$ cat structure-v5.txt   # compact mmCIF, C-alpha atoms
# COMPACT_ATOMS: atom_id res chain seq x y z
CA MET I 1 61.14 -11.86 21.92
CA ALA I 2 59.29 -8.91 20.47
CA GLY I 3 58.52 -7.29 17.18
CA LYS I 4 57.91 -3.65 16.46
CA LYS I 5 54.29 -4.06 16.87
CA GLY I 6 54.34 -7.67 17.92
CA LYS I 7 52.76 -9.29 20.92
CA LYS I 8 54.76 -10.05 24.04
CA LEU I 9 54.66 -13.33 25.86
CA THR I 10 55.79 -13.09 29.45
CA ARG I 11 56.22 -15.90 31.93
CA THR I 12 53.69 -15.22 34.70
CA GLY I 13 52.43 -18.71 35.23
CA GLN I 14 51.56 -21.94 33.62
CA LEU I 15 48.77 -21.92 31.10
CA SER I 16 46.43 -24.84 30.60
CA LYS I 17 43.53 -25.42 28.29
CA LYS I 18 40.29 -26.35 30.11
CA PRO I 19 37.70 -28.57 28.46
CA GLN I 20 34.76 -26.54 27.22
CA THR I 21 31.29 -27.36 28.54
CA ALA I 22 27.94 -26.53 27.02
CA PRO I 23 25.98 -23.71 28.73
CA ALA I 24 23.49 -24.88 31.34
CA GLY I 25 19.96 -25.05 30.04
CA PRO I 26 16.70 -24.95 31.92
CA PRO I 27 15.84 -27.92 34.13
CA THR I 28 13.78 -30.55 32.43
CA GLU I 29 10.74 -32.47 33.63
CA LYS I 30 10.29 -36.18 33.31
CA SER I 31 8.44 -37.15 30.19
CA GLY I 32 5.36 -39.31 29.96
CA ILE I 33 1.97 -38.96 31.60
CA SER I 34 1.51 -40.32 35.11
CA TRP I 35 -1.88 -41.96 34.89
CA PRO I 36 -2.79 -42.25 38.61
CA GLU I 37 -2.52 -38.47 39.12
CA THR I 38 -4.20 -37.81 35.75
CA LEU I 39 -7.17 -40.03 36.55
CA LEU I 40 -7.48 -38.47 40.01
CA PHE I 41 -7.52 -34.98 38.50
CA PHE I 42 -10.24 -35.78 35.93
CA PHE I 43 -12.30 -37.66 38.53
CA MET I 44 -12.15 -34.67 40.90
CA VAL I 45 -13.15 -32.25 38.12
CA ALA I 46 -16.05 -34.45 37.03
CA ALA I 47 -17.28 -34.96 40.61
CA ILE I 48 -17.31 -31.26 41.47
CA ILE I 49 -18.92 -30.22 38.17
CA CYS I 50 -21.63 -32.89 38.58
CA ALA I 51 -22.24 -31.73 42.16
CA ALA I 52 -22.61 -28.12 40.97
CA VAL I 53 -25.02 -29.09 38.17
CA PHE I 54 -27.25 -31.49 40.09
CA LEU I 55 -27.38 -29.36 43.25
CA ALA I 56 -28.13 -26.10 41.43
CA ASN I 57 -31.94 -26.37 41.58
CA PRO I 58 -32.18 -27.67 45.20
CA ILE I 59 -29.77 -24.95 46.34
CA ALA I 60 -31.72 -22.25 44.50
CA GLY I 61 -34.98 -23.43 46.08
CA LYS I 62 -33.46 -23.49 49.56
CA LEU I 63 -31.86 -20.06 49.25
CA LYS I 64 -35.09 -18.58 47.90
CA GLY I 65 -36.67 -19.33 51.26
CA GLN I 66 -33.81 -17.53 53.02
CA LEU I 67 -34.18 -14.20 51.22
CA GLY I 68 -34.42 -11.20 53.52
CA LEU I 69 -37.02 -8.47 53.70
CA ASP I 70 -35.37 -6.36 51.00
CA LEU I 71 -35.55 -9.23 48.50
CA ARG I 72 -38.64 -11.08 49.69
CA GLY I 73 -40.82 -8.65 51.59
CA GLY I 74 -42.64 -9.33 54.85
CA VAL I 75 -44.07 -7.70 57.97
CA HIS I 76 -42.56 -5.09 60.29
CA VAL I 77 -44.03 -4.86 63.82
CA VAL I 78 -42.96 -2.70 66.79
CA TYR I 79 -44.10 -3.40 70.36
CA GLN I 80 -43.51 -1.26 73.45
CA ALA I 81 -43.24 -2.83 76.90
CA LYS I 82 -45.59 -1.36 79.50
CA ALA I 83 -45.06 -1.66 83.24
CA THR I 84 -47.69 -3.50 85.24
CA GLU I 85 -48.63 -2.92 88.87
CA GLY I 86 -45.60 -3.55 91.01
CA ALA I 87 -43.30 -4.41 88.08
CA LEU I 88 -41.12 -1.96 86.17
CA VAL I 89 -39.85 -2.29 82.61
CA THR I 90 -36.27 -3.57 82.92
CA LYS I 91 -33.65 -5.07 80.63
CA ASP I 92 -34.61 -8.54 81.89
CA SER I 93 -38.32 -8.04 81.20
CA VAL I 94 -37.59 -6.92 77.62
CA ASP I 95 -35.33 -9.97 77.18
CA LYS I 96 -38.23 -12.12 78.37
CA LEU I 97 -40.50 -10.48 75.82
CA ILE I 98 -38.03 -11.28 73.03
CA GLY I 99 -37.85 -14.84 74.34
CA VAL I 100 -41.63 -15.24 74.09
CA PHE I 101 -41.72 -13.83 70.54
CA SER I 102 -38.84 -16.05 69.45
CA ASN I 103 -40.52 -19.14 70.90
CA ARG I 104 -43.79 -18.38 69.10
CA ILE I 105 -42.07 -17.73 65.77
CA ASP I 106 -40.08 -20.98 66.01
CA ALA I 107 -43.24 -22.91 66.83
CA TYR I 108 -44.85 -21.69 63.59
CA GLY I 109 -41.81 -22.64 61.52
CA LEU I 110 -41.11 -19.16 60.16
CA THR I 111 -37.55 -18.79 58.92
CA GLU I 112 -35.02 -16.10 59.70
CA PRO I 113 -37.01 -13.54 61.71
CA LEU I 114 -35.33 -10.38 62.97
CA LEU I 115 -35.90 -9.57 66.65
CA GLN I 116 -34.05 -6.66 68.19
CA LYS I 117 -34.38 -4.02 70.87
CA GLN I 118 -35.19 -0.46 69.97
CA GLY I 119 -34.19 1.82 72.79
CA SER I 120 -34.79 0.43 76.26
CA ASP I 121 -38.45 -0.56 76.08
CA ARG I 122 -39.32 -1.47 72.48
CA VAL I 123 -38.95 -4.65 70.44
CA VAL I 124 -38.83 -4.71 66.64
CA VAL I 125 -39.98 -7.88 64.89
CA GLU I 126 -39.54 -8.43 61.15
CA LEU I 127 -40.92 -11.58 59.53
CA PRO I 128 -39.77 -12.30 55.95
CA GLY I 129 -42.40 -13.96 53.77
CA VAL I 130 -45.40 -13.00 55.97
CA LYS I 131 -47.73 -10.85 53.88
CA ASP I 132 -50.53 -10.06 56.36
CA PRO I 133 -49.67 -7.82 59.36
CA ASP I 134 -52.75 -9.11 61.22
CA GLU I 135 -51.38 -12.64 60.91
CA ALA I 136 -48.21 -11.48 62.66
CA LEU I 137 -50.25 -9.76 65.40
CA GLU I 138 -52.23 -12.93 66.02
CA LEU I 139 -48.98 -14.85 66.26
CA LEU I 140 -47.16 -12.46 68.59
CA GLY I 141 -49.83 -10.60 70.52
CA LYS I 142 -51.08 -13.33 72.85
CA THR I 143 -50.01 -13.51 76.49
CA ALA I 144 -47.49 -16.28 77.05
CA HIS I 145 -49.02 -19.34 78.71
CA MET I 146 -46.91 -21.85 80.63
CA GLU I 147 -48.17 -25.16 82.02
CA PHE I 148 -46.64 -27.92 84.15
CA ARG I 149 -48.24 -31.25 83.20
CA THR I 150 -47.97 -34.71 84.71
CA GLU I 151 -47.49 -37.85 82.59
CA ASP I 152 -51.29 -38.28 82.27
CA GLY I 153 -51.55 -34.77 80.79
CA LYS I 154 -53.06 -33.08 83.83
CA THR I 155 -52.08 -29.41 84.29
CA VAL I 156 -50.96 -28.89 87.89
CA LEU I 157 -49.11 -25.54 87.70
CA THR I 158 -49.04 -22.52 85.40
CA GLY I 159 -46.63 -19.70 84.71
CA LYS I 160 -48.12 -17.51 87.44
CA ASP I 161 -46.88 -20.02 90.03
CA LEU I 162 -43.24 -19.71 88.89
CA LYS I 163 -41.41 -16.83 90.56
CA ASP I 164 -37.98 -17.10 88.87
CA ALA I 165 -35.69 -19.35 86.83
CA LYS I 166 -31.91 -18.90 86.65
CA ALA I 167 -29.05 -20.79 85.01
CA GLN I 168 -26.16 -21.67 87.32
CA LEU I 169 -23.11 -23.93 87.62
CA LYS I 170 -22.67 -26.52 90.35
CA PRO I 171 -19.60 -25.54 92.44
CA ASN I 172 -17.88 -28.94 92.49
CA THR I 173 -18.51 -30.20 88.95
CA ASP I 174 -19.26 -27.02 86.93
CA GLU I 175 -22.34 -28.82 85.61
CA PRO I 176 -24.92 -26.34 84.27
CA TYR I 177 -28.44 -26.47 85.67
CA VAL I 178 -31.57 -24.33 85.92
CA ALA I 179 -32.71 -23.27 89.38
CA LEU I 180 -36.49 -22.84 89.76
CA GLU I 181 -38.17 -20.77 92.46
CA PHE I 182 -41.94 -20.91 93.01
CA ASN I 183 -44.16 -18.49 94.87
CA LYS I 184 -45.87 -19.53 98.11
CA GLU I 185 -48.91 -21.13 96.50
CA GLY I 186 -46.85 -22.71 93.72
CA ALA I 187 -44.37 -24.16 96.23
CA LYS I 188 -47.16 -25.96 98.08
CA ILE I 189 -48.64 -27.46 94.90
CA PHE I 190 -45.20 -28.36 93.53
CA GLY I 191 -44.35 -30.24 96.74
CA GLU I 192 -47.56 -32.25 96.55
CA VAL I 193 -47.11 -33.07 92.85
CA THR I 194 -43.45 -34.18 93.17
CA THR I 195 -44.26 -36.31 96.22
CA ALA I 196 -47.00 -38.15 94.32
CA ASN I 197 -45.02 -38.58 91.07
CA VAL I 198 -41.49 -39.69 92.05
CA GLY I 199 -39.73 -41.34 89.11
CA LYS I 200 -42.11 -39.82 86.57
CA THR I 201 -41.66 -36.86 84.24
CA LEU I 202 -43.10 -33.40 84.77
CA ALA I 203 -43.46 -31.77 81.36
CA ILE I 204 -43.24 -28.00 81.00
CA TYR I 205 -45.12 -26.47 78.06
CA LEU I 206 -44.90 -22.91 76.78
CA ASP I 207 -47.78 -21.94 74.49
CA ASP I 208 -48.63 -25.67 74.12
CA ARG I 209 -45.09 -26.37 72.95
CA LEU I 210 -42.99 -28.84 74.95
CA LEU I 211 -40.07 -26.96 76.47
CA THR I 212 -38.55 -29.62 78.74
CA ALA I 213 -39.62 -32.79 80.60
CA PRO I 214 -37.34 -33.54 83.58
CA VAL I 215 -37.72 -36.67 85.74
CA ILE I 216 -38.77 -36.16 89.38
CA ASN I 217 -36.04 -37.76 91.52
CA GLY I 218 -37.82 -37.25 94.82
CA PRO I 219 -40.25 -35.07 96.79
CA ILE I 220 -39.33 -31.37 96.38
CA THR I 221 -40.66 -29.07 99.06
CA GLY I 222 -39.74 -25.53 100.02
CA GLY I 223 -40.40 -23.96 96.64
CA ASN I 224 -36.94 -24.48 95.08
CA ALA I 225 -35.99 -27.09 92.45
CA GLU I 226 -33.25 -27.86 89.94
CA ILE I 227 -33.37 -29.09 86.34
CA SER I 228 -30.03 -30.72 85.54
CA GLY I 229 -28.34 -33.45 83.55
CA GLY I 230 -29.34 -32.46 80.03
CA TYR I 231 -27.44 -29.22 79.31
CA GLU I 232 -24.29 -29.27 77.23
CA SER I 233 -23.30 -25.71 78.18
CA LEU I 234 -24.21 -22.85 80.48
CA LYS I 235 -25.51 -20.92 77.48
CA GLU I 236 -28.03 -23.65 76.71
CA ALA I 237 -29.23 -23.56 80.33
CA GLN I 238 -29.49 -19.76 80.18
CA GLU I 239 -31.66 -19.91 77.06
CA GLU I 240 -34.05 -22.38 78.70
CA ALA I 241 -34.15 -20.33 81.91
CA LEU I 242 -35.09 -17.26 79.87
CA LEU I 243 -37.98 -19.13 78.25
CA LEU I 244 -39.15 -20.40 81.63
CA ARG I 245 -39.11 -16.88 83.04
CA SER I 246 -40.98 -15.69 79.96
CA GLY I 247 -43.97 -17.77 80.98
CA ALA I 248 -44.72 -15.25 83.71
CA LEU I 249 -44.22 -12.06 81.70
CA PRO I 250 -44.20 -9.14 84.15
CA VAL I 251 -45.05 -6.45 81.57
CA ASP I 252 -47.81 -5.79 79.10
CA VAL I 253 -47.10 -4.79 75.50
CA GLU I 254 -48.62 -2.10 73.32
CA LEU I 255 -48.58 -2.22 69.53
CA MET I 256 -46.81 0.87 68.21
CA GLU I 257 -46.45 0.08 64.51
CA LYS I 258 -47.44 -2.54 61.97
CA ARG I 259 -46.87 -2.49 58.25
CA SER I 260 -46.19 -4.68 55.26
CA ILE I 261 -42.80 -4.32 53.59
CA GLU I 262 -42.50 -4.75 49.86
CA PRO I 263 -39.20 -6.04 48.48
CA THR I 264 -36.72 -3.23 47.83
CA LEU I 265 -36.00 -5.02 44.58
CA GLY I 266 -38.99 -6.20 42.60
CA LYS I 267 -39.00 -9.63 41.00
CA GLU I 268 -37.94 -8.18 37.65
CA SER I 269 -35.07 -6.23 39.23
CA LEU I 270 -33.93 -9.32 41.14
CA ASN I 271 -33.92 -11.40 37.97
CA LEU I 272 -31.93 -8.70 36.14
CA SER I 273 -29.43 -8.58 39.01
CA LEU I 274 -28.98 -12.36 38.88
CA LYS I 275 -28.58 -12.20 35.10
CA ALA I 276 -25.93 -9.50 35.47
CA GLY I 277 -24.12 -11.62 38.05
CA VAL I 278 -24.06 -14.63 35.71
CA ILE I 279 -22.73 -12.49 32.84
CA GLY I 280 -20.06 -11.03 35.12
CA LEU I 281 -18.89 -14.47 36.26
CA ALA I 282 -18.84 -15.69 32.66
CA ALA I 283 -16.67 -12.71 31.70
CA ILE I 284 -14.27 -13.47 34.56
CA PHE I 285 -14.04 -17.12 33.52
CA LEU I 286 -13.39 -16.15 29.90
CA PHE I 287 -10.66 -13.67 30.86
CA MET I 288 -8.90 -16.19 33.11
CA LEU I 289 -9.02 -18.88 30.42
CA LEU I 290 -7.71 -16.64 27.61
CA TYR I 291 -5.02 -14.84 29.58
CA TYR I 292 -3.75 -17.54 31.96
CA ARG I 293 -4.79 -20.56 29.89
CA TRP I 294 -4.30 -23.79 31.89
CA PRO I 295 -3.97 -22.06 35.31
CA GLY I 296 -7.02 -20.00 34.30
CA PHE I 297 -9.02 -23.21 33.95
CA ILE I 298 -7.89 -24.29 37.41
CA ALA I 299 -8.88 -20.85 38.77
CA CYS I 300 -12.38 -21.23 37.32
CA PHE I 301 -12.56 -24.70 38.82
CA SER I 302 -11.51 -23.28 42.21
CA LEU I 303 -14.22 -20.62 42.00
CA VAL I 304 -16.82 -23.35 41.55
CA VAL I 305 -15.51 -25.02 44.71
CA TYR I 306 -15.55 -21.64 46.45
CA GLY I 307 -19.20 -21.12 45.49
CA LEU I 308 -20.26 -24.57 46.72
CA ILE I 309 -18.53 -24.05 50.07
CA VAL I 310 -20.00 -20.58 50.65
CA VAL I 311 -23.52 -21.66 49.68
CA GLY I 312 -23.18 -24.76 51.85
CA ILE I 313 -22.24 -22.62 54.86
CA PHE I 314 -25.18 -20.28 54.25
CA MET I 315 -27.55 -23.24 54.11
CA LEU I 316 -26.01 -24.84 57.20
CA LEU I 317 -26.37 -21.61 59.19
CA ASN I 318 -29.81 -20.93 57.67
CA ALA I 319 -28.59 -17.36 57.10
CA THR I 320 -30.82 -14.63 55.70
CA LEU I 321 -29.69 -13.37 52.29
CA THR I 322 -30.11 -9.62 51.97
CA LEU I 323 -28.88 -7.38 49.18
CA PRO I 324 -25.90 -6.04 51.22
CA GLY I 325 -25.04 -9.61 52.18
CA ILE I 326 -25.00 -10.71 48.55
CA ALA I 327 -22.81 -7.68 47.76
CA GLY I 328 -20.33 -8.92 50.37
CA VAL I 329 -20.16 -12.32 48.67
CA ILE I 330 -19.61 -10.74 45.24
CA LEU I 331 -16.79 -8.58 46.63
CA SER I 332 -15.13 -11.65 48.14
CA ILE I 333 -15.34 -13.39 44.72
CA GLY I 334 -13.38 -10.49 43.25
CA MET I 335 -10.74 -10.90 45.96
CA ALA I 336 -10.57 -14.65 45.26
CA VAL I 337 -9.86 -13.93 41.58
CA ASP I 338 -7.29 -11.30 42.59
CA SER I 339 -5.47 -13.88 44.74
CA ASN I 340 -5.28 -16.28 41.80
CA ILE I 341 -3.93 -13.52 39.55
CA LEU I 342 -1.14 -12.73 42.04
CA ILE I 343 -0.20 -16.41 42.23
CA TYR I 344 -0.21 -16.96 38.48
CA GLU I 345 1.85 -13.85 37.73
CA ARG I 346 4.53 -15.09 40.14
CA LEU I 347 4.28 -18.54 38.57
CA LYS I 348 4.92 -17.09 35.11
CA GLU I 349 7.94 -15.17 36.40
CA GLU I 350 9.45 -18.33 37.85
CA LEU I 351 8.85 -20.28 34.63
CA ARG I 352 10.52 -17.53 32.62
CA ALA I 353 13.51 -17.78 34.98
CA GLY I 354 13.94 -21.39 33.87
CA LYS I 355 12.55 -23.30 36.84
CA THR I 356 10.73 -26.58 36.50
CA LEU I 357 6.95 -26.48 36.78
CA ARG I 358 6.80 -27.92 40.30
CA ALA I 359 9.55 -25.61 41.53
CA ALA I 360 7.84 -22.64 39.86
CA ILE I 361 4.55 -23.52 41.57
CA ASP I 362 6.17 -23.61 45.02
CA ALA I 363 8.09 -20.38 44.42
CA GLY I 364 5.06 -18.63 42.93
CA PHE I 365 2.86 -19.43 45.92
CA HIS I 366 5.62 -18.50 48.36
CA ASN I 367 6.21 -15.11 46.72
CA ALA I 368 2.51 -14.29 46.39
CA PHE I 369 1.46 -15.44 49.86
CA ARG I 370 2.51 -12.31 51.74
CA ALA I 371 0.64 -9.97 49.38
CA ILE I 372 -2.50 -12.15 49.53
CA LEU I 373 -2.35 -12.39 53.32
CA ASP I 374 -1.85 -8.63 53.79
CA SER I 375 -4.73 -7.66 51.50
CA ASN I 376 -7.13 -10.15 53.07
CA ILE I 377 -6.23 -9.23 56.65
CA THR I 378 -6.74 -5.51 56.01
CA THR I 379 -10.15 -6.26 54.47
CA LEU I 380 -11.06 -8.48 57.43
CA ILE I 381 -10.13 -5.67 59.82
CA ALA I 382 -12.41 -3.28 57.92
CA ALA I 383 -15.20 -5.87 57.97
CA GLY I 384 -14.72 -6.28 61.73
CA VAL I 385 -15.11 -2.54 62.26
CA LEU I 386 -18.30 -2.55 60.17
CA TYR I 387 -19.68 -5.46 62.19
CA PHE I 388 -19.05 -3.99 65.64
CA LEU I 389 -20.06 -0.42 64.77
CA GLY I 390 -22.77 -1.10 62.20
CA THR I 391 -26.33 -2.34 62.55
CA GLY I 392 -28.73 -4.53 60.57
CA SER I 393 -27.79 -4.88 56.93
CA ILE I 394 -24.31 -3.40 57.53
CA LYS I 395 -23.54 -6.29 59.87
CA GLY I 396 -24.85 -8.70 57.25
CA PHE I 397 -22.47 -7.25 54.68
CA ALA I 398 -19.55 -7.56 57.10
CA ILE I 399 -20.37 -11.18 57.95
CA THR I 400 -20.74 -12.39 54.36
CA LEU I 401 -17.62 -10.48 53.28
CA SER I 402 -15.55 -12.02 56.10
CA LEU I 403 -16.89 -15.49 55.40
CA GLY I 404 -16.20 -15.13 51.68
CA ILE I 405 -12.64 -13.93 52.29
CA LEU I 406 -11.82 -16.85 54.58
CA VAL I 407 -13.21 -19.35 52.06
CA SER I 408 -11.41 -17.62 49.18
CA MET I 409 -8.11 -17.86 51.05
CA PHE I 410 -8.66 -21.59 51.46
CA THR I 411 -9.51 -22.16 47.79
CA ALA I 412 -6.75 -19.89 46.44
CA ILE I 413 -3.92 -20.97 48.73
CA SER I 414 -4.75 -24.59 49.59
CA PHE I 415 -7.06 -26.03 46.95
CA THR I 416 -5.55 -24.27 43.92
CA ARG I 417 -2.05 -25.22 45.01
CA PHE I 418 -3.08 -28.85 45.47
CA VAL I 419 -4.63 -28.99 41.99
CA LEU I 420 -1.62 -27.33 40.32
CA HIS I 421 0.75 -29.78 42.00
CA LEU I 422 -1.51 -32.65 40.99
CA VAL I 423 -1.37 -31.53 37.37
CA ALA I 424 2.41 -31.10 37.58
CA ARG I 425 2.87 -34.62 38.99
CA SER I 426 0.60 -36.03 36.31
CA ARG I 427 2.81 -34.41 33.62
CA LEU I 428 -0.40 -33.84 31.69
CA VAL I 429 0.53 -30.28 30.64
CA LEU I 430 4.22 -29.29 30.73
CA ASN I 431 4.53 -26.73 27.90
CA PRO I 432 5.24 -23.27 29.42
CA LYS I 433 2.97 -21.67 26.80
CA ALA I 434 0.02 -23.47 28.40
CA TYR I 435 0.80 -21.47 31.56
CA GLY I 436 0.76 -18.11 29.82
CA VAL I 437 4.53 -17.82 29.32

$ encode --input "structure-v5.txt" --output "structure tokens"
Amino acid sequence: MAGKKGKKLTRTGQLSKKPQTAPAGPPTEKSGISWPETLLFFFMVAAIICAAVFLANPIAGKLKGQLGLDLRGGVHVVYQAKATEGALVTKDSVDKLIGVFSNRIDAYGLTEPLLQKQGSDRVVVELPGVKDPDEALELLGKTAHMEFRTEDGKTVLTGKDLKDAKAQLKPNTDEPYVALEFNKEGAKIFGEVTTANVGKTLAIYLDDRLLTAPVINGPITGGNAEISGGYESLKEAQEEALLLRSGALPVDVELMEKRSIEPTLGKESLNLSLKAGVIGLAAIFLFMLLYYRWPGFIACFSLVVYGLIVVGIFMLLNATLTLPGIAGVILSIGMAVDSNILIYERLKEELRAGKTLRAAIDAGFHNAFRAILDSNITTLIAAGVLYFLGTGSIKGFAITLSLGILVSMFTAISFTRFVLHLVARSRLVLNPKAYGV
């Protein structure tokens, strides 16, 4: 049946009318606040903020004592090793010299000295916080003095009687020990002393500082002895052997240079730098809060955790804080913020696509992880090159930058994700606008 301009109906199959369904909308979250997760979130925020506030002054006081020469000033001294009769200046003798200096500095409680070789026969010593070069000379310039004392305090041997001390491993057990070798006169005295003091201790002092006090297990004749049983590693035994050898220093030293070093930054400049840093962090916090809103608050919270962890590591390692080192930390803060920005931009994209908050968090972190990992690894590679090829302050910059990056990856990827999921489970904030969408 057809009209002139009518429509045709042909039989090509059976038609049926399907029930109409409403278009699918975005997934919905459960309603109602989950109080256990909410209380945990607020408790965690309060605990970390209180820790940051109450620890601020103690941390500042501790770090002030760890400032390097460029921020604190100090003394710079250069010694040159001189050969004595029958003894040449060798790598081992210079290592012994450094061992003596290090032992003296530790005994006086000075923090974070710098001791390093200069060429093949010079040693550079820098002491932060020491104002008088003559004080440093009095501390370092004496000849090392070693004594072997019995339990009643009687000195029976000195460093001149000790020929050598080496760290070794026992063949059967791999137990580290220090092998002592005495000269002819020292061997005779040592045999007499050990025979008369079996079961008692023989204390070894270096510059009136107790180095070790092993127990005499039996008479030791022949001029060779072992100190064993108290070393956790071969390295620890090597360090003690070096100090023992240092008691009989085979070279003299000549003072080549001494001078006081004023801080590169004066007190006023340092205060201005700290003020600028505080203003910069405040600007970052404000930007994150205004642009990313609720995730921005979590990012600021994560940066506080980042700061506490980094400062805690510096204090634990008793690391010297120099200006390049502080610059490395500041750069790593910028990378930590950048990681949060990458995550939150992906999170916003997933929320716009209609995903639930928890699904958007997982997808956002998954999509941002590769970019964060790539950028951090390339920076770590550059920091590694600076560390192995650089010297002094360049190495300090590389170390603090690497440390800051590793901590920032933890806070951005692990801690931030945990907090976002905690907030999502608490259903405290579900409105997409609160997440910058």

$ residues_near_point --input "structure-v5.txt" --point "(-44.4, -1.7, 76.3)" --cutoff "12 Å" --atoms "only C-alpha atoms" --output "MDAnalysis selection string"
chainID I and resid 78:84 88:90 93:94 97:98 117:124 141 249:256

$ residues_around --input "structure-v5.txt" --residues "Tyr205 of chain I" --least-positions-apart "3" --cutoff "6 Å" --atoms "all atoms listed in the file" --output "ChimeraX atom specification"
/I:146-147,208-211

$ atom_distance --input "structure-v5.txt" --atom1 "atom CA of Gly191 of chain I" --atom2 "atom CA of Ile220 of chain I"
5.2 Å

$ atom_distance --input "structure-v5.txt" --atom1 "atom CA of Leu420 of chain I" --atom2 "atom CA of Ile343 of chain I"
11.2 Å

$ atom_distance --input "structure-v5.txt" --atom1 "atom CA of Val329 of chain I" --atom2 "atom CA of Thr400 of chain I"
5.7 Å

$ closest_residue --input "structure-v5.txt" --among "I:Asn224, I:Ser302, I:Gln238, I:Thr201" --to "Lys96 of chain I" --atoms "only C-alpha atoms"
I:Gln238

$ residues_around --input "structure-v5.txt" --residues "Gly73 of chain I" --least-positions-apart "3" --cutoff "8 Å" --atoms "only C-alpha atoms" --output "NGL selection string"
:I and (68-70 or 128-131 or 260-264)

$ residues_around --input "structure-v5.txt" --residues "Ala167 of chain I" --least-positions-apart "3" --cutoff "7 Å" --atoms "all atoms listed in the file" --output "list in words"
Pro176, Tyr177, Val178, Ala179, Leu234, Ala237, Gln238 and Ala241 of chain I

$ closest_residue --input "structure-v5.txt" --among "I:Leu272, I:Leu373, I:Val419, I:Ile405" --to "Pro295 of chain I" --atoms "only C-alpha atoms"
I:Val419

$ closest_residue --input "structure-v5.txt" --among "I:Leu303, I:Leu206, I:Ala47, I:Val125" --to "Arg149 of chain I" --atoms "only C-alpha atoms"
I:Leu206

$ residues_around --input "structure-v5.txt" --residues "Gly218 of chain I" --least-positions-apart "3" --cutoff "10 Å" --atoms "only C-alpha atoms" --output "list in words"
Gly191, Thr194, Thr195, Ala196, Asn197, Val198, Gly199, Lys200, Val215 and Thr221 of chain I

$ closest_residue --input "structure-v5.txt" --among "I:Asn318, I:Ser332, I:Asn340, I:Thr173" --to "Leu403 of chain I" --atoms "all atoms listed in the file"
I:Ser332

$ closest_residue --input "structure-v5.txt" --among "I:Asn57, I:Thr416, I:Ser402, I:Ser102" --to "Ile341 of chain I" --atoms "only C-alpha atoms"
I:Thr416

$ closest_residue --input "structure-v5.txt" --among "I:Phe182, I:Phe415, I:Phe148, I:Phe388" --to "Lys163 of chain I" --atoms "only C-alpha atoms"
I:Phe182

$ residues_around --input "structure-v5.txt" --residues "segment 366-369 of chain I" --least-positions-apart "6" --cutoff "10 Å" --atoms "only C-alpha atoms" --output "PyMOL selection string"
chain I and resi 339-347+350+360+409+412-413
